[in-house]
Amino acid sequence: MSNLEKVFNSEDIVLSEEVLKKFEEFRNHMLETNKFLNLTSITEEEEVNYKHFLDSILPLKKVEMEKGATLIDIGTGGGFPGMPIKFFRDDLKITLLDSLNKRIKFLKKTISDMDIKDIEAVHGRAEELGRTKSYREQYDYGISRAVSRLNTLVEYSLPFIKVGGTFISMKGPSGIEEAEEAKNAIKILGGEIADIISYNLDYENSDRTLIVIKKTSPTPRKYPRGGGKPKNKPL
């Protein structure tokens, strides 16, 4: 049994040989590219297995997603959590969004080389794409890991989510505090906190918090604001 398989089994996640091979292939693509492009500072095998692979798919053990749903990963970076989610749930239709084109070029090449279907990598700024008809309120689910404080992040993210859909923010131990701080912004943007789920990633005793936000009404047209306002003047 490989180290990766043991890591997944520790959380009662059993994957086929074919899916495990996809994780390993993606690791190889990432580490090879990381030699000349800074995708991640996490490169040691066990650390990648826990902090990138297991961490990315644990939210799907906590929040149920319908078969064939659409999902946008906002600020995907080197493809996390979106790529591992796709390997774990091949039925999901996934968009990977990042503002750095070098990362998107890496992801596009990897998706092509691995021949992965129903996933696209898009270069753009969330505050701009969130205002366009082809992306605004088009997704059943959104997810984001380690991007901004929640009161800023929700302005970037909630405009992408359909009414009735769900946005999941992956946070560390500060999640509960950030959720309280962001309550006003979430309400203004058409959402409400449906759940706050705390758990532990069994590696270096890492506390994790998922903030699960339900989209209850359309986001007002003036959001997201441009010019860095979501970050500099959070709602």
# chains A, B, ... in the order shown; residues from 1 in each chain; ligands from 1
>>> select_by_dssp(residues="region 95-228 of chain A", states="helix (DSSP H, G or I)", output="JSON, numbers by chain")
{"A": [101, 102, 103, 104, 105, 106, 107, 108, 109, 110, 111, 112, 113, 114, 126, 127, 128, 129, 150, 151, 152, 153, 154, 155, 156, 157, 158, 159, 160, 175, 176, 177, 178, 179, 180, 181, 183, 184, 185, 186, 187, 188]}
>>> select_by_dssp(residues="region 46-154 of chain A", states="strand (DSSP E or B)", output="list in words")
Thr70, Leu71, Ile72, Asp73, Ile74, Lys93, Ile94, Thr95, Leu96, Leu97, Asp98, Ile119, Glu120, Ala121, Val122, His123, Tyr139, Asp140, Tyr141, Gly142, Ile143, Ser144 and Arg145 of chain A
>>> write_last_selection(atoms="N, CA and C atoms", output="short mmCIF file (atom, residue, chain, number, x, y, z; two decimals), in the first residue's frame")
data_model
loop_
_atom_site.label_atom_id
_atom_site.label_comp_id
_atom_site.auth_asym_id
_atom_site.auth_seq_id
_atom_site.Cartn_x
_atom_site.Cartn_y
_atom_site.Cartn_z
N THR A 70 -22.00 21.96 -10.73
CA THR A 70 -20.93 22.85 -11.17
C THR A 70 -20.25 23.45 -9.95
N LEU A 71 -18.92 23.58 -10.03
CA LEU A 71 -18.12 24.07 -8.91
C LEU A 71 -17.04 25.00 -9.43
N ILE A 72 -16.87 26.15 -8.78
CA ILE A 72 -15.76 27.04 -9.11
C ILE A 72 -14.81 27.13 -7.92
N ASP A 73 -13.52 26.95 -8.21
CA ASP A 73 -12.46 27.06 -7.22
C ASP A 73 -11.82 28.43 -7.41
N ILE A 74 -12.05 29.33 -6.47
CA ILE A 74 -11.66 30.74 -6.60
C ILE A 74 -10.30 30.95 -5.95
N LYS A 93 -18.44 19.28 -12.56
CA LYS A 93 -17.95 20.15 -13.64
C LYS A 93 -17.28 21.34 -12.98
N ILE A 94 -15.96 21.44 -13.16
CA ILE A 94 -15.16 22.34 -12.34
C ILE A 94 -14.49 23.44 -13.15
N THR A 95 -14.51 24.66 -12.60
CA THR A 95 -13.75 25.79 -13.13
C THR A 95 -12.69 26.18 -12.10
N LEU A 96 -11.44 26.27 -12.56
CA LEU A 96 -10.33 26.71 -11.71
C LEU A 96 -10.02 28.15 -12.09
N LEU A 97 -10.11 29.07 -11.15
CA LEU A 97 -9.91 30.49 -11.42
C LEU A 97 -8.70 31.01 -10.66
N ASP A 98 -7.81 31.71 -11.37
CA ASP A 98 -6.69 32.35 -10.71
C ASP A 98 -6.28 33.60 -11.48
N ILE A 119 -13.38 20.05 -16.92
CA ILE A 119 -12.66 20.96 -16.02
C ILE A 119 -11.96 22.00 -16.89
N GLU A 120 -12.03 23.26 -16.47
CA GLU A 120 -11.35 24.31 -17.23
C GLU A 120 -10.58 25.20 -16.27
N ALA A 121 -9.48 25.76 -16.77
CA ALA A 121 -8.67 26.70 -16.00
C ALA A 121 -8.81 28.07 -16.65
N VAL A 122 -9.19 29.05 -15.85
CA VAL A 122 -9.51 30.39 -16.37
C VAL A 122 -8.62 31.44 -15.71
N HIS A 123 -8.00 32.27 -16.55
CA HIS A 123 -7.20 33.38 -16.03
C HIS A 123 -8.08 34.61 -15.89
N TYR A 139 -22.88 29.01 -10.81
CA TYR A 139 -22.33 27.81 -10.18
C TYR A 139 -23.17 27.33 -9.01
N ASP A 140 -23.30 26.00 -8.93
CA ASP A 140 -23.99 25.38 -7.79
C ASP A 140 -23.17 25.51 -6.51
N TYR A 141 -21.85 25.43 -6.67
CA TYR A 141 -20.95 25.49 -5.52
C TYR A 141 -19.73 26.33 -5.85
N GLY A 142 -19.20 26.96 -4.84
CA GLY A 142 -17.90 27.62 -4.92
C GLY A 142 -17.07 27.16 -3.75
N ILE A 143 -15.75 27.16 -3.93
CA ILE A 143 -14.86 26.79 -2.83
C ILE A 143 -13.60 27.61 -2.94
N SER A 144 -12.98 27.89 -1.82
CA SER A 144 -11.75 28.66 -1.82
C SER A 144 -10.92 28.29 -0.60
N ARG A 145 -9.60 28.19 -0.83
CA ARG A 145 -8.70 27.81 0.25
C ARG A 145 -7.57 28.83 0.36
#
>>> residues_around(residues="region 28-31 of chain A", least_positions_apart="3", cutoff="10 Å", atoms="only C-alpha atoms", output="list in words")
Lys22, Phe23, Glu24, Glu25, Asn34, Lys35, Phe36, Leu37, Asn38, Leu39, Thr40, Ile42, Thr43, Glu44, Gly78, Gly79, Phe106, Leu107, Lys109, Thr110, Asp113 and Met114 of chain A
>>> closest_atom_pairs(of="region 61-137 of chain A", to="region 156-178 of chain A", cutoff="8 Å", atoms="only C-alpha atoms", output="Markdown table")
| residue | atom | partner | partner_atom | distance |
| --- | --- | --- | --- | --- |
| A:Ile72 | CA | A:Phe160 | CA | 7.9 |
| A:Ile74 | CA | A:Ser157 | CA | 7.0 |
| A:Ala126 | CA | A:Tyr156 | CA | 5.5 |
| A:Glu127 | CA | A:Tyr156 | CA | 5.5 |
| A:Gly130 | CA | A:Pro159 | CA | 5.5 |
| A:Arg131 | CA | A:Pro159 | CA | 7.5 |
| A:Tyr135 | CA | A:Phe160 | CA | 6.1 |
| A:Arg136 | CA | A:Phe160 | CA | 4.6 |
| A:Glu137 | CA | A:Lys162 | CA | 4.2 |
>>> atom_distance(atom1="CA of Thr76 (chain A)", atom2="CA of Ile211 (chain A)")
17.4 Å
>>> closest_residue(among="A:Glu5, A:Asp55, A:Glu66, A:Asp12", to="Thr209 (chain A)", atoms="only C-alpha atoms")
A:Asp55
>>> residues_around(residues="Glu46 (chain A)", least_positions_apart="2", cutoff="9 Å", atoms="only C-alpha atoms", output="PyMOL selection string")
chain A and resi 3-4+7+43-44+48-51
>>> decode(residues="region 137-157 of chain A", atoms="N, CA and C atoms", output="short mmCIF file (atom, residue, chain, number, x, y, z; two decimals), in the first residue's frame")
data_model
loop_
_atom_site.label_atom_id
_atom_site.label_comp_id
_atom_site.auth_asym_id
_atom_site.auth_seq_id
_atom_site.Cartn_x
_atom_site.Cartn_y
_atom_site.Cartn_z
N GLU A 137 -23.42 34.15 -10.99
CA GLU A 137 -24.50 33.28 -10.52
C GLU A 137 -24.73 32.08 -11.45
N GLN A 138 -23.61 31.45 -11.86
CA GLN A 138 -23.66 30.30 -12.76
C GLN A 138 -23.30 28.98 -12.08
N TYR A 139 -22.88 29.01 -10.81
CA TYR A 139 -22.33 27.81 -10.18
C TYR A 139 -23.17 27.33 -9.01
N ASP A 140 -23.30 26.00 -8.93
CA ASP A 140 -23.99 25.38 -7.79
C ASP A 140 -23.17 25.51 -6.51
N TYR A 141 -21.85 25.43 -6.67
CA TYR A 141 -20.95 25.49 -5.52
C TYR A 141 -19.73 26.33 -5.85
N GLY A 142 -19.20 26.96 -4.84
CA GLY A 142 -17.90 27.62 -4.92
C GLY A 142 -17.07 27.16 -3.75
N ILE A 143 -15.75 27.16 -3.93
CA ILE A 143 -14.86 26.79 -2.83
C ILE A 143 -13.60 27.61 -2.94
N SER A 144 -12.98 27.89 -1.82
CA SER A 144 -11.75 28.66 -1.82
C SER A 144 -10.92 28.29 -0.60
N ARG A 145 -9.60 28.19 -0.83
CA ARG A 145 -8.70 27.81 0.25
C ARG A 145 -7.57 28.83 0.36
N ALA A 146 -7.39 29.37 1.55
CA ALA A 146 -6.25 30.24 1.84
C ALA A 146 -6.12 31.41 0.87
N VAL A 147 -7.21 32.17 0.70
CA VAL A 147 -7.14 33.32 -0.20
C VAL A 147 -7.12 34.63 0.60
N SER A 148 -8.26 35.09 1.11
CA SER A 148 -8.35 36.35 1.86
C SER A 148 -9.14 36.12 3.14
N ARG A 149 -9.16 37.14 4.00
CA ARG A 149 -10.08 37.06 5.15
C ARG A 149 -11.50 36.97 4.61
N LEU A 150 -12.36 36.33 5.37
CA LEU A 150 -13.68 35.98 4.87
C LEU A 150 -14.52 37.19 4.47
N ASN A 151 -14.39 38.30 5.20
CA ASN A 151 -15.21 39.47 4.86
C ASN A 151 -14.83 40.06 3.50
N THR A 152 -13.61 39.81 3.04
CA THR A 152 -13.19 40.18 1.69
C THR A 152 -13.53 39.08 0.69
N LEU A 153 -13.25 37.86 1.08
CA LEU A 153 -13.42 36.70 0.19
C LEU A 153 -14.86 36.54 -0.29
N VAL A 154 -15.84 36.79 0.58
CA VAL A 154 -17.23 36.57 0.17
C VAL A 154 -17.65 37.54 -0.93
N GLU A 155 -17.05 38.73 -0.96
CA GLU A 155 -17.40 39.67 -2.04
C GLU A 155 -16.82 39.19 -3.37
N TYR A 156 -15.68 38.54 -3.33
CA TYR A 156 -15.11 37.94 -4.55
C TYR A 156 -15.91 36.71 -4.99
N SER A 157 -16.46 35.97 -4.03
CA SER A 157 -16.96 34.62 -4.30
C SER A 157 -18.47 34.50 -4.48
#
